[in-house]
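Heads up, the thing below is written out as structure tokens.
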Amino acid sequence: MEQPVREPEKTPASAERPVVVSAVGLTKVFRDFWNRPKAKAVNDVDFEVREGEVVGLLGPNGSGKSTTVKMLLGLLYPTGGRLTVFGKSPRDVGNKKLIGYLPEETYLYKYLTAFEMLDFFASLFGLSKEERTRRCDQLLDMVGLAHARNRPVGEFSKGMARRIGLAQAMINDPAFLILDEPTSGLDPLGCREVKDLIKLLKKRGKTVIVTSHLLSDVEEVCDRIIVLYGGRIRANGGMEDLLTIRTNDTITVPKLPDDALRRIREIVRESVPDGEMTVRHPHMSLEDFFVDIVNEAKKESIETSGSRSGGAIAEYLTGGPADAKSVLESLTHEEETPAKSIARRMEEDAEAAEQEAAKRKQEELFASLQASAPAPEVEKSEAERREMEAKMSEANRKLMDLLNRTPDGKD
Ligand SMILES: Nc1ncnc2c1ncn2[C@@H]1O[C@H](COP(=O)(O)OP(=O)(O)OP(=O)(O)O)[C@@H](O)[C@H]1O
Ligand SMILES: [Mg+2]
């Protein structure tokens, strides 16, 4: 009897978007020298990643995260199951320019300088010299290594090496980024920058798979998580769905006077007689606290020879200056009220109508100019041109003869 084709579970939020990764029954067994199974690293796993999703791949050490990632990249062959990336085999060469990869361990050509290393990877993608230089400089600035541009990468600290690895993963402005523990070895400022970068890439519609043991980082940037244990999927779902505790409510208000608090307690007791109410002050995350301290030290211009905090996100990754501006605007813009939104739309419509009228006028003018213009001269053939030149030089010679003649007609 024919078996029904197994499909990976769909994620409702992004179900209409194109599929980037599809894994069905994916399995990887590592074997020893005698071909005996040594470790079942990935065991009959089904999942799907859709365009524009940021997916966190979580799990304890040895749960199969890196093995899964390496199969997506075509670096390891699956032992079983079906795996496609952009609808093709992971080994398809065409996929390579669409994917950026930050490996778990940073492998660097230690005698190359930071710039030379990035330039080398850029050249593999066939970028022009100017484009390579532009991207390398922007990336070095973005990952906070502009000052170490000409230092051999072999000298870099662990965090600096991680930063250059991250820059290398983005040199081709990939549509799909696979980051295996991107924040490992980074200081809290570096972690913050990586998270901001992932958020920006998401805004640009890129697809990202990120593995990390730092759960708060994953929680902040991922739409969805897949939790592996012993090579099997234990949980797969949207962050909201998996983490929201629906049996409790949290209300945040400005500091209340004792009397108001007492009355609220009474209301809660009346509404939920068995329920307990806890009141406490919210506190900032340790990361925010640390970032504040370091920023203060930076303001006081205290010297450091290590990596500095990164600069702006590379312009080519933001889709150009216009896009960078819009990202900034979207982060800082005022909340739009319905009245403001209608006024803005009316303004935009009027502007569009004005532009349309100007365009039409320009087209009419162009058409009338074309109608009155003389017919373009047909290009002369090479033979005709030569004949004309010969005639001209003959005429010139005759003219010179005439001019050189004496009035009595002798030379
Ligand atoms: N090249 C290999 N040869 C043999 N076994 C391997 C190989 N690579 C991975 N394994 C085994 O596969 C299992 C999964 O390893 P993997 O590196 O995928 O885990 P991981 O989830 O990335 O762990 P970590 O959090 O430590 O990075 C482990 O038992 C590991 O020993
Ligand atoms: Mg790993």
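Each chain in the structure tokens gets a letter, A, B, ..., in the order shown, and its residues are numbered from 1; ligands are numbered from 1 in order too.
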Neighbourhood of ligand 2 at 12 Å, counting only C-alpha atoms and all ligand atoms, reported as an MDAnalysis selection string: chainID A and resid 41 57:70 102:105 179:182 184 210:213 228 231
Residue set, stretch 65-172 of chain A restricted to alpha helix (DSSP H), as a PyMOL selection string: chain A and resi 65-72+114-124+129-142+158-169
Based on the selection just made, write N, CA and C atoms of those residues as a short mmCIF file (atom, residue, chain, number, x, y, z; two decimals), in the first residue's frame.
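Here's the written file part.cif:
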data_model
loop_
_atom_site.label_atom_id
_atom_site.label_comp_id
_atom_site.auth_asym_id
_atom_site.auth_seq_id
_atom_site.Cartn_x
_atom_site.Cartn_y
_atom_site.Cartn_z
N LYS A 65 22.10 20.33 17.30
CA LYS A 65 21.89 21.64 16.65
C LYS A 65 22.89 21.85 15.50
N SER A 66 24.18 21.74 15.83
CA SER A 66 25.19 22.01 14.80
C SER A 66 25.11 20.99 13.67
N THR A 67 24.77 19.75 14.01
CA THR A 67 24.65 18.73 12.96
C THR A 67 23.51 19.11 12.01
N THR A 68 22.39 19.58 12.55
CA THR A 68 21.26 20.00 11.71
C THR A 68 21.70 21.14 10.80
N VAL A 69 22.37 22.13 11.39
CA VAL A 69 22.84 23.29 10.64
C VAL A 69 23.78 22.86 9.50
N LYS A 70 24.69 21.94 9.81
CA LYS A 70 25.65 21.51 8.78
C LYS A 70 24.96 20.75 7.66
N MET A 71 23.86 20.06 7.98
CA MET A 71 23.12 19.38 6.91
C MET A 71 22.42 20.41 6.02
N LEU A 72 21.92 21.51 6.64
CA LEU A 72 21.27 22.56 5.85
C LEU A 72 22.24 23.18 4.85
N ALA A 114 42.42 41.77 8.99
CA ALA A 114 40.95 41.73 9.01
C ALA A 114 40.39 42.15 7.65
N PHE A 115 40.97 43.21 7.09
CA PHE A 115 40.46 43.69 5.80
C PHE A 115 40.72 42.67 4.70
N GLU A 116 41.96 42.13 4.68
CA GLU A 116 42.31 41.15 3.62
C GLU A 116 41.40 39.93 3.69
N MET A 117 41.07 39.51 4.93
CA MET A 117 40.23 38.32 5.06
C MET A 117 38.84 38.55 4.48
N LEU A 118 38.25 39.70 4.84
CA LEU A 118 36.91 40.01 4.32
C LEU A 118 36.97 40.19 2.81
N ASP A 119 38.03 40.85 2.34
CA ASP A 119 38.16 41.10 0.91
C ASP A 119 38.26 39.77 0.14
N PHE A 120 38.97 38.81 0.75
CA PHE A 120 39.11 37.51 0.12
C PHE A 120 37.74 36.85 -0.06
N PHE A 121 36.93 36.87 1.03
CA PHE A 121 35.60 36.23 0.94
C PHE A 121 34.70 36.99 -0.04
N ALA A 122 34.85 38.33 -0.06
CA ALA A 122 34.04 39.12 -0.99
C ALA A 122 34.39 38.74 -2.42
N SER A 123 35.69 38.48 -2.66
CA SER A 123 36.10 38.15 -4.04
C SER A 123 35.53 36.81 -4.49
N LEU A 124 35.26 35.92 -3.53
CA LEU A 124 34.66 34.62 -3.89
C LEU A 124 33.26 34.81 -4.48
N LYS A 129 36.03 45.51 -7.24
CA LYS A 129 36.99 46.00 -6.24
C LYS A 129 36.36 47.09 -5.36
N GLU A 130 35.68 48.05 -6.03
CA GLU A 130 35.08 49.15 -5.23
C GLU A 130 34.02 48.63 -4.28
N GLU A 131 33.17 47.71 -4.78
CA GLU A 131 32.10 47.17 -3.95
C GLU A 131 32.69 46.40 -2.77
N ARG A 132 33.79 45.68 -3.05
CA ARG A 132 34.43 44.90 -1.98
C ARG A 132 34.94 45.83 -0.90
N THR A 133 35.63 46.88 -1.32
CA THR A 133 36.20 47.82 -0.34
C THR A 133 35.08 48.48 0.46
N ARG A 134 34.02 48.87 -0.23
CA ARG A 134 32.90 49.54 0.44
C ARG A 134 32.31 48.62 1.51
N ARG A 135 32.02 47.38 1.11
CA ARG A 135 31.39 46.45 2.05
C ARG A 135 32.32 46.11 3.21
N CYS A 136 33.61 45.87 2.90
CA CYS A 136 34.55 45.49 3.96
C CYS A 136 34.65 46.61 4.98
N ASP A 137 34.79 47.85 4.50
CA ASP A 137 34.92 48.98 5.43
C ASP A 137 33.67 49.14 6.28
N GLN A 138 32.50 49.02 5.62
CA GLN A 138 31.24 49.18 6.38
C GLN A 138 31.08 48.08 7.42
N LEU A 139 31.46 46.85 7.03
CA LEU A 139 31.30 45.73 7.97
C LEU A 139 32.27 45.86 9.15
N LEU A 140 33.51 46.25 8.85
CA LEU A 140 34.49 46.40 9.93
C LEU A 140 34.02 47.45 10.92
N ASP A 141 33.44 48.50 10.40
CA ASP A 141 32.93 49.55 11.27
C ASP A 141 31.75 49.00 12.09
N MET A 142 30.89 48.25 11.40
CA MET A 142 29.68 47.75 12.05
C MET A 142 30.01 46.80 13.21
N LYS A 158 39.06 36.14 21.41
CA LYS A 158 37.95 35.28 21.00
C LYS A 158 36.76 36.11 20.49
N GLY A 159 36.46 37.15 21.25
CA GLY A 159 35.32 37.99 20.86
C GLY A 159 35.57 38.72 19.56
N MET A 160 36.82 39.17 19.36
CA MET A 160 37.15 39.88 18.11
C MET A 160 37.04 38.91 16.93
N ALA A 161 37.49 37.66 17.15
CA ALA A 161 37.40 36.66 16.09
C ALA A 161 35.94 36.38 15.74
N ARG A 162 35.10 36.38 16.76
CA ARG A 162 33.67 36.13 16.54
C ARG A 162 33.08 37.27 15.70
N ARG A 163 33.53 38.48 16.02
CA ARG A 163 33.01 39.65 15.30
C ARG A 163 33.41 39.60 13.83
N ILE A 164 34.65 39.22 13.56
CA ILE A 164 35.09 39.19 12.15
C ILE A 164 34.37 38.05 11.42
N GLY A 165 34.10 36.95 12.16
CA GLY A 165 33.35 35.83 11.57
C GLY A 165 31.94 36.27 11.17
N LEU A 166 31.36 37.09 12.01
CA LEU A 166 30.01 37.59 11.75
C LEU A 166 30.00 38.49 10.52
N ALA A 167 31.05 39.33 10.43
CA ALA A 167 31.16 40.21 9.27
C ALA A 167 31.29 39.36 8.00
N GLN A 168 32.10 38.32 8.09
CA GLN A 168 32.32 37.45 6.93
C GLN A 168 31.01 36.77 6.48
N ALA A 169 30.18 36.39 7.47
CA ALA A 169 28.91 35.72 7.13
C ALA A 169 27.97 36.65 6.36
#
Secondary structure check, strand (DSSP E) residues of stretch 57-167 of chain A, as a VMD selection string: chain A and resid 57 to 58 80 to 85 99 to 102
Non-local contacts of A:Pro254 (12 Å; only C-alpha atoms; under 2 positions in same chain excluded) as a list in words: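 Here the qualifying residues turn out to be Ile251, Thr252, Leu256, Pro257, Ala260, Leu261, Arg280, His281 and Pro282 of chain A.
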Selection to disk with C-alpha atoms, as an mmCIF file, in the first residue's frame:
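The result, written out as result_36.cif:
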data_model
loop_
_atom_site.group_PDB
_atom_site.id
_atom_site.type_symbol
_atom_site.label_atom_id
_atom_site.label_comp_id
_atom_site.auth_asym_id
_atom_site.auth_seq_id
_atom_site.Cartn_x
_atom_site.Cartn_y
_atom_site.Cartn_z
ATOM 1 C CA ILE A 251 -0.332 45.095 35.323
ATOM 2 C CA THR A 252 2.404 47.739 35.390
ATOM 3 C CA LEU A 256 0.844 53.545 43.941
ATOM 4 C CA PRO A 257 0.058 55.100 47.333
ATOM 5 C CA ALA A 260 -4.788 52.606 46.443
ATOM 6 C CA LEU A 261 -2.868 49.371 46.911
ATOM 7 C CA ARG A 280 6.924 44.179 43.509
ATOM 8 C CA HIS A 281 9.025 46.746 41.707
ATOM 9 C CA PRO A 282 10.081 45.797 38.188
#
Coordinates-based distance that separates atom CA of A:Gly144 from atom CA of A:Gly190 (Å, one decimal):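 Separation of atom CA of A:Gly190 and atom CA of A:Gly144: 8.7 Å.
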Distance of atom CA of A:Gly230 from atom CA of A:Thr27, expressed in Å to one decimal place: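 Taking atom CA of A:Thr27 as the start and atom CA of A:Gly230 as the end point, the length is 11.8 Å.
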Spatial neighbours of A:Cys191, max dist 12 Å, only C-alpha atoms, sep filter under 4 positions, as a list in words: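 With the cut-off at 12 Å, the set is Val143, Gly159, Arg162, Arg163, Leu166, Glu181, Pro182, Thr183, Ser184, Gly185, Leu186, Asp187, Lys195, Asp196, Leu197, Ile198, Ser212, Leu214, Ser216, Asp217, Val218, Glu220, Val221, Glu287, Asp288, Phe290, Val291, Ser309 and Gly310 of chain A.
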Top pick for closest residue to ligand 1, considering A:Tyr109, A:Phe176, A:Tyr77, A:Phe289 and counting only C-alpha atoms and all ligand atoms: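 Of A:Tyr109, A:Phe176, A:Tyr77, A:Phe289, the one nearest ligand 1 is A:Tyr77, counting only C-alpha atoms and all ligand atoms.
Our summary of the geometry notes that atom CA of A:Ser22 is positioned 17.8 Å from atom CA of A:Val93.
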